[in-house]
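Asks: File run08.cif below, mmCIF, C-alpha atoms:
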```cif
data_work
#
loop_
_atom_site.group_PDB
_atom_site.id
_atom_site.type_symbol
_atom_site.label_atom_id
_atom_site.label_comp_id
_atom_site.auth_asym_id
_atom_site.auth_seq_id
_atom_site.Cartn_x
_atom_site.Cartn_y
_atom_site.Cartn_z
ATOM 1 C CA MET A 280 34.260 -57.106 167.542
ATOM 2 C CA ASN A 281 35.750 -57.874 170.954
ATOM 3 C CA LEU A 282 34.748 -54.499 172.397
ATOM 4 C CA ALA A 283 31.173 -55.008 171.101
ATOM 5 C CA LEU A 284 31.050 -58.455 172.746
ATOM 6 C CA TYR A 285 32.427 -57.019 176.002
ATOM 7 C CA VAL A 286 29.810 -54.237 176.029
ATOM 8 C CA HIS A 287 27.027 -56.746 175.238
ATOM 9 C CA LEU A 288 28.139 -59.184 177.967
ATOM 10 C CA LEU A 289 28.586 -56.415 180.524
ATOM 11 C CA GLY A 290 25.107 -55.072 179.748
ATOM 12 C CA THR A 291 23.353 -58.439 179.899
ATOM 13 C CA MET A 292 25.170 -59.568 183.052
ATOM 14 C CA THR A 293 24.337 -56.278 184.810
ATOM 15 C CA LEU A 294 20.739 -56.608 183.585
ATOM 16 C CA PHE A 295 20.562 -60.079 185.157
ATOM 17 C CA GLY A 296 22.082 -58.731 188.402
ATOM 18 C CA ALA A 297 19.569 -55.870 188.594
ATOM 19 C CA ALA A 298 16.607 -58.208 187.939
ATOM 20 C CA LEU A 299 17.953 -60.620 190.564
ATOM 21 C CA THR A 300 18.195 -57.771 193.088
ATOM 22 C CA ALA A 301 14.600 -56.748 192.292
ATOM 23 C CA LEU A 302 13.403 -60.325 192.801
ATOM 24 C CA VAL A 303 15.202 -60.633 196.161
ATOM 25 C CA THR A 304 14.028 -57.242 197.476
ATOM 26 C CA SER A 305 10.446 -57.727 196.257
ATOM 27 C CA LEU A 306 10.212 -61.137 197.935
ATOM 28 C CA ALA A 307 11.495 -59.466 201.119
ATOM 29 C CA GLY A 308 8.665 -56.895 200.876
ATOM 30 C CA LEU A 309 10.853 -53.804 200.234
ATOM 31 C CA PRO A 310 9.155 -51.565 197.622
ATOM 32 C CA GLY A 311 11.642 -48.641 197.511
ATOM 33 C CA PRO A 312 14.802 -50.752 197.018
ATOM 34 C CA THR A 313 12.949 -52.879 194.408
ATOM 35 C CA ALA A 314 12.045 -49.811 192.335
ATOM 36 C CA ARG A 315 15.601 -48.452 192.559
ATOM 37 C CA ALA A 316 17.115 -51.827 191.599
ATOM 38 C CA LEU A 317 14.860 -52.003 188.529
ATOM 39 C CA LEU A 318 16.013 -48.536 187.470
ATOM 40 C CA VAL A 319 19.595 -49.877 187.348
ATOM 41 C CA ALA A 320 18.316 -52.358 184.750
ATOM 42 C CA VAL A 321 17.481 -49.555 182.274
ATOM 43 C CA PRO A 322 21.046 -48.382 181.445
ATOM 44 C CA ALA A 323 22.159 -52.034 181.540
ATOM 45 C CA TRP A 324 19.503 -52.888 178.935
ATOM 46 C CA VAL A 325 20.689 -49.987 176.732
ATOM 47 C CA LEU A 326 24.285 -51.270 177.001
ATOM 48 C CA ALA A 327 23.151 -54.818 176.105
ATOM 49 C CA LEU A 328 21.148 -53.530 173.125
ATOM 50 C CA VAL A 329 23.925 -51.285 171.776
ATOM 51 C CA GLY A 330 26.503 -54.083 172.193
ATOM 52 C CA GLY A 331 24.164 -56.606 170.557
ATOM 53 C CA HIS A 332 23.498 -54.481 167.461
ATOM 54 C CA TRP A 333 27.158 -53.529 167.187
ATOM 55 C CA LEU A 334 28.161 -57.221 167.363
ATOM 56 C CA GLN A 335 25.461 -58.188 164.833
ATOM 57 C CA HIS A 336 26.826 -55.544 162.433
ATOM 58 C CA ASP A 337 30.462 -56.622 162.905
ATOM 59 C CA LEU A 338 29.617 -60.301 162.356
ATOM 60 C CA HIS A 339 27.300 -59.513 159.377
ATOM 61 C CA LEU A 340 24.376 -61.264 161.084
ATOM 62 C CA GLY A 341 21.756 -58.668 160.167
ATOM 63 C CA ASP A 342 19.876 -61.004 157.795
ATOM 64 C CA SER A 343 20.380 -64.186 159.803
ATOM 65 C CA ASN A 344 17.306 -66.117 160.938
ATOM 66 C CA ALA A 345 19.207 -68.542 163.169
ATOM 67 C CA THR A 346 17.053 -69.664 166.120
ATOM 68 C CA TRP A 347 19.621 -68.619 168.732
ATOM 69 C CA LEU A 348 19.832 -65.129 167.239
ATOM 70 C CA GLN A 349 16.033 -64.739 166.907
ATOM 71 C CA LEU A 350 15.565 -65.832 170.526
ATOM 72 C CA GLY A 351 18.222 -63.414 171.748
ATOM 73 C CA ARG A 352 16.771 -60.541 169.707
ATOM 74 C CA ASN A 353 13.169 -61.207 170.784
ATOM 75 C CA ILE A 354 14.067 -61.491 174.451
ATOM 76 C CA LEU A 355 16.210 -58.348 174.411
ATOM 77 C CA GLU A 356 13.895 -56.146 172.304
ATOM 78 C CA PRO A 357 10.154 -56.982 172.698
ATOM 79 C CA GLY A 358 11.109 -58.703 175.987
ATOM 80 C CA VAL A 359 11.880 -55.285 177.463
ATOM 81 C CA LEU A 360 8.098 -54.913 177.906
ATOM 82 C CA VAL A 361 8.326 -57.365 180.823
ATOM 83 C CA LEU A 362 11.020 -55.191 182.398
ATOM 84 C CA LEU A 363 8.941 -52.036 181.845
ATOM 85 C CA LEU A 364 5.883 -53.704 183.389
ATOM 86 C CA ALA A 365 8.016 -54.702 186.395
ATOM 87 C CA ILE A 366 9.190 -51.068 186.740
ATOM 88 C CA PHE A 367 5.582 -49.781 186.586
ATOM 89 C CA ALA A 368 4.437 -52.424 189.081
ATOM 90 C CA SER A 369 7.245 -51.464 191.469
ATOM 91 C CA TRP A 370 6.257 -47.753 191.316
ATOM 92 C CA TRP A 371 2.609 -48.717 191.847
ATOM 93 C CA TRP A 372 3.819 -50.665 194.914
ATOM 94 C CA VAL A 373 5.857 -47.676 196.207
ATOM 95 C CA ARG A 374 2.857 -45.337 195.833
ATOM 96 C CA SER A 375 0.083 -47.648 197.024
ATOM 97 C CA ALA A 376 1.858 -49.989 199.494
ATOM 98 C CA ASN A 377 -0.507 -52.601 198.044
ATOM 99 C CA PRO A 378 0.976 -56.092 198.654
ATOM 100 C CA ARG A 379 -0.558 -57.309 195.389
ATOM 101 C CA ALA A 380 1.725 -54.850 193.542
ATOM 102 C CA GLY A 381 4.682 -56.420 195.359
ATOM 103 C CA ARG A 382 3.642 -59.905 194.225
ATOM 104 C CA VAL A 383 3.210 -58.677 190.628
ATOM 105 C CA THR A 384 6.681 -57.058 190.726
ATOM 106 C CA ALA A 385 8.260 -60.250 192.092
ATOM 107 C CA GLY A 386 6.499 -62.359 189.444
ATOM 108 C CA LEU A 387 7.546 -60.095 186.574
ATOM 109 C CA SER A 388 11.149 -59.925 187.842
ATOM 110 C CA GLY A 389 11.224 -63.732 188.030
ATOM 111 C CA ILE A 390 9.813 -64.049 184.496
ATOM 112 C CA TYR A 391 12.408 -61.563 183.206
ATOM 113 C CA ILE A 392 15.242 -63.524 184.842
ATOM 114 C CA ALA A 393 13.922 -66.729 183.225
ATOM 115 C CA LEU A 394 13.799 -64.995 179.810
ATOM 116 C CA LEU A 395 17.375 -63.739 180.219
ATOM 117 C CA ALA A 396 18.504 -67.276 181.135
ATOM 118 C CA VAL A 397 16.837 -68.697 177.999
ATOM 119 C CA ALA A 398 18.563 -65.993 175.910
ATOM 120 C CA TRP A 399 22.047 -66.613 177.279
ATOM 121 C CA LEU A 400 21.641 -70.420 176.978
ATOM 122 C CA ALA A 401 20.348 -70.109 173.393
ATOM 123 C CA MET A 402 23.073 -67.666 172.341
ATOM 124 C CA THR A 403 26.013 -69.485 173.927
ATOM 125 C CA GLY A 404 24.719 -72.932 172.906
ATOM 126 C CA LYS A 405 23.949 -71.648 169.358
ATOM 127 C CA TRP A 406 20.523 -73.373 169.405
ATOM 128 C CA SER A 407 19.500 -74.232 165.860
ATOM 129 C CA MET B 38 27.525 -72.800 177.402
ATOM 130 C CA LEU B 39 28.059 -73.972 181.000
ATOM 131 C CA HIS B 40 31.130 -71.750 181.427
ATOM 132 C CA VAL B 41 29.204 -68.684 180.214
ATOM 133 C CA THR B 42 26.218 -69.599 182.425
ATOM 134 C CA ALA B 43 28.574 -69.770 185.413
ATOM 135 C CA ALA B 44 30.032 -66.387 184.391
ATOM 136 C CA PHE B 45 26.506 -64.905 184.293
ATOM 137 C CA LEU B 46 25.858 -66.218 187.813
ATOM 138 C CA PHE B 47 29.242 -64.972 189.094
ATOM 139 C CA VAL B 48 29.007 -61.467 187.581
ATOM 140 C CA GLY B 49 25.213 -61.090 187.945
ATOM 141 C CA GLY B 50 25.288 -62.251 191.574
ATOM 142 C CA SER B 51 28.158 -59.847 192.311
ATOM 143 C CA VAL B 52 26.220 -56.992 190.656
ATOM 144 C CA ALA B 53 23.189 -57.849 192.838
ATOM 145 C CA ALA B 54 25.359 -57.825 196.000
ATOM 146 C CA GLY B 55 26.855 -54.490 194.892
ATOM 147 C CA ILE B 56 23.411 -52.932 194.301
ATOM 148 C CA LEU B 57 22.158 -54.119 197.719
ATOM 149 C CA ASN B 58 25.276 -52.703 199.395
ATOM 150 C CA THR B 59 24.820 -49.349 197.602
ATOM 151 C CA LEU B 60 21.141 -49.244 198.610
ATOM 152 C CA ALA B 61 22.178 -49.927 202.240
ATOM 153 C CA VAL B 62 24.773 -47.111 202.167
ATOM 154 C CA ARG B 63 22.050 -44.699 200.958
ATOM 155 C CA SER B 64 19.514 -45.779 203.596
ATOM 156 C CA GLU B 65 18.944 -44.002 206.911
ATOM 157 C CA LEU B 66 17.219 -46.390 209.319
ATOM 158 C CA PRO B 67 19.254 -49.222 210.900
ATOM 159 C CA SER B 68 16.351 -51.676 210.341
ATOM 160 C CA GLU B 69 16.356 -50.937 206.597
ATOM 161 C CA ILE B 70 20.155 -51.167 206.418
ATOM 162 C CA ALA B 71 20.118 -54.498 208.302
ATOM 163 C CA ALA B 72 17.442 -55.863 205.936
ATOM 164 C CA LEU B 73 19.356 -54.833 202.795
ATOM 165 C CA LEU B 74 22.724 -56.134 204.043
ATOM 166 C CA GLY B 75 20.976 -59.337 205.149
ATOM 167 C CA LEU B 76 19.599 -59.838 201.634
ATOM 168 C CA ILE B 77 23.168 -59.984 200.283
ATOM 169 C CA ARG B 78 23.307 -63.477 201.835
ATOM 170 C CA ARG B 79 20.469 -64.539 199.483
ATOM 171 C CA THR B 80 22.700 -63.732 196.494
ATOM 172 C CA LEU B 81 25.624 -65.783 197.833
ATOM 173 C CA PRO B 82 24.430 -69.200 196.503
ATOM 174 C CA VAL B 83 24.218 -67.632 193.011
ATOM 175 C CA ILE B 84 27.728 -66.163 193.376
ATOM 176 C CA PHE B 85 29.183 -69.425 194.765
ATOM 177 C CA VAL B 86 27.737 -71.537 191.927
ATOM 178 C CA GLY B 87 29.167 -68.971 189.483
ATOM 179 C CA VAL B 88 32.569 -68.832 191.178
ATOM 180 C CA PHE B 89 33.078 -72.614 191.230
ATOM 181 C CA GLY B 90 31.381 -73.137 187.850
ATOM 182 C CA THR B 91 33.677 -70.652 186.092
ATOM 183 C CA LEU B 92 36.736 -72.443 187.510
ATOM 184 C CA LEU B 93 35.502 -75.986 186.819
ATOM 185 C CA PHE B 94 34.135 -75.392 183.304
ATOM 186 C CA GLY B 95 36.978 -72.994 182.514
ATOM 187 C CA VAL B 96 39.616 -75.647 183.241
ATOM 188 C CA TRP B 97 37.535 -78.166 181.267
ATOM 189 C CA LEU B 98 37.440 -75.778 178.274
ATOM 190 C CA TRP B 99 41.189 -75.163 178.630
ATOM 191 C CA HIS B 100 41.716 -78.886 178.077
ATOM 192 C CA ASP B 101 38.947 -79.331 175.460
ATOM 193 C CA LEU B 102 39.997 -76.402 173.260
ATOM 194 C CA HIS B 103 43.696 -77.369 173.521
ATOM 195 C CA TYR B 104 44.917 -74.026 174.794
ATOM 196 C CA SER B 105 48.611 -74.090 175.704
ATOM 197 C CA LEU B 106 49.525 -74.888 179.319
ATOM 198 C CA GLY B 107 51.588 -71.709 179.270
ATOM 199 C CA ALA B 108 48.736 -69.449 178.047
ATOM 200 C CA ALA B 109 49.451 -66.262 180.021
ATOM 201 C CA TRP B 110 45.875 -64.886 179.710
ATOM 202 C CA ILE B 111 44.472 -68.031 181.382
ATOM 203 C CA TRP B 112 46.997 -67.925 184.245
ATOM 204 C CA LEU B 113 46.341 -64.203 184.689
ATOM 205 C CA SER B 114 42.566 -64.913 184.763
ATOM 206 C CA LEU B 115 43.126 -67.590 187.417
ATOM 207 C CA ALA B 116 45.214 -65.172 189.502
ATOM 208 C CA LEU B 117 42.500 -62.501 189.185
ATOM 209 C CA TRP B 118 39.852 -65.110 190.097
ATOM 210 C CA VAL B 119 41.754 -65.752 193.358
ATOM 211 C CA VAL B 120 42.151 -61.986 193.971
ATOM 212 C CA ALA B 121 38.435 -61.294 193.293
ATOM 213 C CA ASN B 122 37.346 -64.050 195.680
ATOM 214 C CA ALA B 123 39.820 -63.089 198.406
ATOM 215 C CA LEU B 124 38.841 -59.401 198.280
ATOM 216 C CA GLY B 125 35.127 -60.246 198.062
ATOM 217 C CA GLY B 126 35.412 -62.642 201.012
ATOM 218 C CA ILE B 127 37.242 -60.142 203.259
ATOM 219 C CA GLY B 128 34.863 -57.339 202.202
ATOM 220 C CA GLY B 129 31.906 -59.611 202.928
ATOM 221 C CA ARG B 130 33.120 -60.255 206.491
ATOM 222 C CA ARG B 131 33.319 -56.495 207.156
ATOM 223 C CA GLN B 132 29.811 -56.126 205.674
ATOM 224 C CA GLU B 133 28.558 -58.834 208.046
ATOM 225 C CA GLN B 134 29.949 -56.893 211.044
ATOM 226 C CA THR B 135 28.132 -53.785 209.779
ATOM 227 C CA ARG B 136 24.900 -55.800 209.407
ATOM 228 C CA LYS B 137 25.186 -57.015 213.009
ATOM 229 C CA LEU B 138 25.710 -53.420 214.190
ATOM 230 C CA ALA B 139 22.643 -52.316 212.174
ATOM 231 C CA GLU B 140 20.554 -55.124 213.701
ATOM 232 C CA ARG B 141 21.622 -54.117 217.222
ATOM 233 C CA LEU B 142 20.805 -50.448 216.575
ATOM 234 C CA ALA B 143 17.446 -51.419 215.040
ATOM 235 C CA GLY B 144 16.585 -53.173 218.300
ATOM 236 C CA GLU B 145 17.645 -50.107 220.339
ATOM 237 C CA GLY B 146 15.184 -47.593 218.914
ATOM 238 C CA ASP B 147 15.950 -47.754 215.174
ATOM 239 C CA ARG B 148 17.298 -44.202 214.946
ATOM 240 C CA PRO B 149 19.872 -43.036 212.322
ATOM 241 C CA SER B 150 23.371 -43.528 213.734
ATOM 242 C CA SER B 151 26.668 -41.847 212.861
ATOM 243 C CA GLU B 152 28.546 -44.977 213.989
ATOM 244 C CA LEU B 153 26.571 -47.100 211.505
ATOM 245 C CA HIS B 154 27.053 -44.599 208.678
ATOM 246 C CA ALA B 155 30.785 -44.489 209.358
ATOM 247 C CA ALA B 156 30.867 -48.314 209.140
ATOM 248 C CA LEU B 157 28.885 -48.237 205.866
ATOM 249 C CA ARG B 158 31.286 -45.684 204.379
ATOM 250 C CA ASP B 159 34.409 -47.478 205.630
ATOM 251 C CA PRO B 160 37.047 -46.762 202.927
ATOM 252 C CA VAL B 161 38.771 -50.130 203.458
ATOM 253 C CA ALA B 162 35.518 -52.031 202.853
ATOM 254 C CA HIS B 163 34.827 -49.898 199.767
ATOM 255 C CA ALA B 164 38.353 -50.530 198.446
ATOM 256 C CA LEU B 165 37.922 -54.296 198.966
ATOM 257 C CA ASN B 166 34.540 -54.374 197.206
ATOM 258 C CA TYR B 167 35.616 -52.156 194.299
ATOM 259 C CA GLY B 168 38.840 -54.177 194.006
ATOM 260 C CA ALA B 169 36.844 -57.418 193.736
ATOM 261 C CA GLY B 170 34.567 -55.803 191.119
ATOM 262 C CA LEU B 171 37.496 -54.517 189.035
ATOM 263 C CA ALA B 172 39.212 -57.918 189.152
ATOM 264 C CA THR B 173 35.967 -59.525 187.911
ATOM 265 C CA LEU B 174 35.696 -57.015 185.033
ATOM 266 C CA ALA B 175 39.344 -57.685 184.145
ATOM 267 C CA ILE B 176 38.669 -61.469 184.035
ATOM 268 C CA LEU B 177 35.740 -60.843 181.684
ATOM 269 C CA ALA B 178 37.998 -58.688 179.459
ATOM 270 C CA LEU B 179 40.663 -61.422 179.369
ATOM 271 C CA MET B 180 38.021 -64.023 178.415
ATOM 272 C CA VAL B 181 36.782 -61.834 175.548
ATOM 273 C CA TRP B 182 40.134 -60.614 174.131
ATOM 274 C CA ARG B 183 42.277 -63.688 175.002
ATOM 275 C CA PRO B 184 45.535 -61.763 174.439
ATOM 276 C CA GLY B 185 48.267 -63.858 172.859
ATOM 277 C CA SER B 186 46.034 -66.759 171.842
#
```
Would you mind giving the structure from this file in structure tokens?
Replies:
Amino acid sequence: MNLALYVHLLGTMTLFGAALTALVTSLAGLPGPTARALLVAVPAWVLALVGGHWLQHDLHLGDSNATWLQLGRNILEPGVLVLLLAIFASWWWVRSANPRAGRVTAGLSGIYIALLAVAWLAMTGKWS
Amino acid sequence: MLHVTAAFLFVGGSVAAGILNTLAVRSELPSEIAALLGLIRRTLPVIFVGVFGTLLFGVWLWHDLHYSLGAAWIWLSLALWVVANALGGIGGRRQEQTRKLAERLAGEGDRPSSELHAALRDPVAHALNYGAGLATLAILALMVWRPGS
């Protein structure tokens, strides 16, 4: 169980760090570094997902409908769409140099960071 | 909840600083390198809140959860916390010198420079940064496994 928790924490913390980097670089108007930072988020997301499912299996939480668990699941799984949209927006920005693409990337990175914060608060506070 | 939030800020902020440093090492133009190293300063408030939050809420939890005063894993975590911050601080000062060099070179024609690339690949700076990262990962492992508790 401990290894699963370690993998999950490492994945989510790295995911937060990569999204934070993307937010900082996009606000500074740097398309290339933003796109590369968002690519770091992909393996981190995989690590977070694998660790999360492993932990859920070890703790027999597969059938649980607890709010904190639902929030965590929904933010990690369907929530990845926000991350994917941010990645696409960053590549659009790299290719087009369109400042609007930069603003979209920054907005999506900020939204993703906010979602991750809600997930970690819900999961550690065991919101009911 | 507050202790884990602080840990997210500490580790996540350090990851962000690490990514920006790696992106700078892989860049060619001094102006780009200066911009990326300069952005590391934007992550520092996140890291500082995390660093002090983990200590403050960690000591609070130590008391609240009635862990023994002699709990070796907590003392080892505290020692690693000091090591991580010391190494990160010294590494950060070397990074700041490199940023200043990059800014100067950007103002003098912004051409790729072997001096700047040597500074970016400085093995001592790399050892300090990797050392700080490994100490942080070890703290996280101690918090998860809590050996002996």
Asks: Within 10 Å of Leu117 in chain B, counting all atoms listed in the file, which residues show up once you throw out same-chain ones fewer than 6 positions away? Write them as a PDB file with C-alpha atoms, in the frame of the given file, please.
Replies:
```
ATOM      1  CA  ILE B 111      44.472 -68.031 181.382  1.00  0.00           C
ATOM      2  CA  ALA B 123      39.820 -63.089 198.406  1.00  0.00           C
ATOM      3  CA  ALA B 169      36.844 -57.418 193.736  1.00  0.00           C
ATOM      4  CA  LEU B 171      37.496 -54.517 189.035  1.00  0.00           C
ATOM      5  CA  ALA B 172      39.212 -57.918 189.152  1.00  0.00           C
ATOM      6  CA  THR B 173      35.967 -59.525 187.911  1.00  0.00           C
ATOM      7  CA  LEU B 174      35.696 -57.015 185.033  1.00  0.00           C
ATOM      8  CA  ALA B 175      39.344 -57.685 184.145  1.00  0.00           C
ATOM      9  CA  ILE B 176      38.669 -61.469 184.035  1.00  0.00           C
TER      10      ILE B 176
END
```
Asks: Can you list, as a ChimeraX atom specification, the residues that the PyMOL selection byres ((chain B) within 8 of (chain A)) selects here?
Replies: /B:38,41-42,45,48-54,56-57,60,73,76,79,177-178,181-182
Asks: Smallest atom-to-atom distance to Leu165 in chain B: which of B:Met180, B:Val83, B:Ala72, B:Ala121, using all atoms listed in the file?
Replies: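 Residue with the minimum atom-to-atom distance to Leu165 in chain B: B:Ala121.
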Asks: Of the candidates A:Gly351, A:Phe367, A:Thr384, A:Ala393, which one gets nearest to Trp406 in chain A if we count only C-alpha atoms?
Replies: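 Among the listed residues, A:Gly351 lies closest to Trp406 in chain A.
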Asks: Find the residues around Val321 in chain A up to 9 Å (all atoms listed in the file counted), leave out those fewer than 4 positions away in its own chain, and share them as an MDAnalysis selection string.
Replies: chainID A and resid 294 317 325:326 362:363
Asks: Have a look at CA of Leu360 in chain A and CA of Val329 in chain A and let me know their distance in Å, one decimal.
Replies: 17.4 Å
Asks: So how many Å separate CA of Trp97 in chain B and CA of Gly290 in chain A, to one decimal?
Replies: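 Computing it gives 26.3 Å between the two atoms.
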Asks: Using only C-alpha atoms, can you tell me which of A:Leu302, A:Ser407, A:Pro310, A:Leu328 comes closest to Ser375 in chain A?
Replies: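 The shortest atom-to-atom distance to Ser375 in chain A comes from A:Pro310.
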Asks: For a quick check of your reading of the model, name the residues lying within 10 Å of the coordinate (45.2, -73.7, 176.8), counting all atoms listed in the file, and write them as a list in words.
Replies: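 Final list of nearby residues, as requested, is Val96, Trp97, Leu98, Trp99, His100, Asp101, Leu102, His103, Tyr104, Ser105, Leu106, Gly107, Ala108, Ala109, Trp110, Ile111, Trp112 and Ser186 of chain B.
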Asks: With C-alpha atoms retained, write the just-selected residues as a compact mmCIF listing (two decimals), in the frame of the given file.
Replies:
```txt
# COMPACT_ATOMS: atom_id res chain seq x y z
CA VAL B 96 39.62 -75.65 183.24
CA TRP B 97 37.53 -78.17 181.27
CA LEU B 98 37.44 -75.78 178.27
CA TRP B 99 41.19 -75.16 178.63
CA HIS B 100 41.72 -78.89 178.08
CA ASP B 101 38.95 -79.33 175.46
CA LEU B 102 40.00 -76.40 173.26
CA HIS B 103 43.70 -77.37 173.52
CA TYR B 104 44.92 -74.03 174.79
CA SER B 105 48.61 -74.09 175.70
CA LEU B 106 49.52 -74.89 179.32
CA GLY B 107 51.59 -71.71 179.27
CA ALA B 108 48.74 -69.45 178.05
CA ALA B 109 49.45 -66.26 180.02
CA TRP B 110 45.88 -64.89 179.71
CA ILE B 111 44.47 -68.03 181.38
CA TRP B 112 47.00 -67.92 184.24
CA SER B 186 46.03 -66.76 171.84
```
Asks: Considering only C-alpha atoms, return as a list in words whatever protein or nucleic-acid residues lie within 12 Å of Glu152 in chain B, sequence-local ones (same chain, fewer than 2 positions apart) excluded.
Replies: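 Once the adjacent positions are removed, what remains is Glu65, Pro67, Thr135, Leu138, Ala139, Arg141, Leu142, Arg148, Pro149, Ser150, His154, Ala155, Ala156, Leu157, Arg158 and Asp159 of chain B.
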Asks: Of the candidates B:Leu153, B:Ala143, B:Ala162, B:Ile70, which shows the shortest atom-to-atom distance to Gly126 in chain B, using all atoms listed in the file?
Replies: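 Of the candidates, the smallest distance to Gly126 in chain B is held by B:Ala162.
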Asks: What is the distance between CA of Lys137 in chain B and CA of Ser68 in chain B, in Å to one decimal?
Replies: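 CA of Ser68 in chain B lies at a distance of 10.7 Å from CA of Lys137 in chain B.
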Asks: Assuming 6 Å of padding per side, give the centre and edge lengths of the axis-aligned box around every listed atom of range 359-376 of chain A, in Å to one decimal and as lines of an AutoDock Vina configuration file.
Replies:
```
center_x = 6.0
center_y = -51.4
center_z = 188.5
size_x = 23.8
size_y = 24.0
size_z = 34.0
```
Asks: Of the residues A:Ala368, A:Ala327, A:Leu338, A:Leu387, which is the one nearest to Arg352 in chain A, using only C-alpha atoms?
Replies: A:Ala327
Asks: Given the choices B:Pro184, B:Glu140, B:Ala43, B:His163, which gets closest to Val62 in chain B if the distance is worked out from only C-alpha atoms?
Replies: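 Checking each of B:Pro184, B:Glu140, B:Ala43, B:His163 against Val62 in chain B, counting only C-alpha atoms, the winner is B:His163.
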Asks: May I ask you to restore N, CA and C atoms in range 66-83 of chain B and write the result as a JSON list (two decimals), in the frame of the given file?
Replies:
```
[["chain", "number", "residue", "atom", "x", "y", "z"],
["B", 66, "LEU", "N", 17.60, -45.63, 208.12],
["B", 66, "LEU", "CA", 17.22, -46.39, 209.32],
["B", 66, "LEU", "C", 18.02, -47.69, 209.46],
["B", 67, "PRO", "N", 18.50, -47.98, 210.69],
["B", 67, "PRO", "CA", 19.25, -49.22, 210.90],
["B", 67, "PRO", "C", 18.48, -50.47, 210.48],
["B", 68, "SER", "N", 17.14, -50.48, 210.70],
["B", 68, "SER", "CA", 16.35, -51.68, 210.34],
["B", 68, "SER", "C", 16.40, -51.92, 208.83],
["B", 69, "GLU", "N", 16.32, -50.82, 208.05],
["B", 69, "GLU", "CA", 16.36, -50.94, 206.60],
["B", 69, "GLU", "C", 17.75, -51.39, 206.13],
["B", 70, "ILE", "N", 18.77, -50.81, 206.77],
["B", 70, "ILE", "CA", 20.16, -51.17, 206.42],
["B", 70, "ILE", "C", 20.41, -52.64, 206.73],
["B", 71, "ALA", "N", 19.93, -53.09, 207.92],
["B", 71, "ALA", "CA", 20.12, -54.50, 208.30],
["B", 71, "ALA", "C", 19.41, -55.42, 207.31],
["B", 72, "ALA", "N", 18.20, -55.03, 206.88],
["B", 72, "ALA", "CA", 17.44, -55.86, 205.94],
["B", 72, "ALA", "C", 18.18, -55.96, 204.60],
["B", 73, "LEU", "N", 18.68, -54.82, 204.10],
["B", 73, "LEU", "CA", 19.36, -54.83, 202.80],
["B", 73, "LEU", "C", 20.68, -55.60, 202.85],
["B", 74, "LEU", "N", 21.46, -55.39, 203.94],
["B", 74, "LEU", "CA", 22.72, -56.13, 204.04],
["B", 74, "LEU", "C", 22.44, -57.62, 204.25],
["B", 75, "GLY", "N", 21.35, -57.94, 204.95],
["B", 75, "GLY", "CA", 20.98, -59.34, 205.15],
["B", 75, "GLY", "C", 20.60, -60.02, 203.84],
["B", 76, "LEU", "N", 20.01, -59.26, 202.92],
["B", 76, "LEU", "CA", 19.60, -59.84, 201.63],
["B", 76, "LEU", "C", 20.80, -60.22, 200.77],
["B", 77, "ILE", "N", 21.96, -59.62, 201.05],
["B", 77, "ILE", "CA", 23.17, -59.98, 200.28],
["B", 77, "ILE", "C", 23.43, -61.49, 200.42],
["B", 78, "ARG", "N", 23.09, -62.03, 201.62],
["B", 78, "ARG", "CA", 23.31, -63.48, 201.84],
["B", 78, "ARG", "C", 22.48, -64.32, 200.87],
["B", 79, "ARG", "N", 21.31, -63.78, 200.43],
["B", 79, "ARG", "CA", 20.47, -64.54, 199.48],
["B", 79, "ARG", "C", 21.12, -64.64, 198.11],
["B", 80, "THR", "N", 22.05, -63.69, 197.82],
["B", 80, "THR", "CA", 22.70, -63.73, 196.49],
["B", 80, "THR", "C", 23.94, -64.64, 196.52],
["B", 81, "LEU", "N", 24.37, -65.02, 197.74],
["B", 81, "LEU", "CA", 25.62, -65.78, 197.83],
["B", 81, "LEU", "C", 25.57, -67.14, 197.13],
["B", 82, "PRO", "N", 24.45, -67.92, 197.24],
["B", 82, "PRO", "CA", 24.43, -69.20, 196.50],
["B", 82, "PRO", "C", 24.64, -69.00, 195.00],
["B", 83, "VAL", "N", 24.05, -67.92, 194.45],
["B", 83, "VAL", "CA", 24.22, -67.63, 193.01],
["B", 83, "VAL", "C", 25.70, -67.35, 192.73]]
```
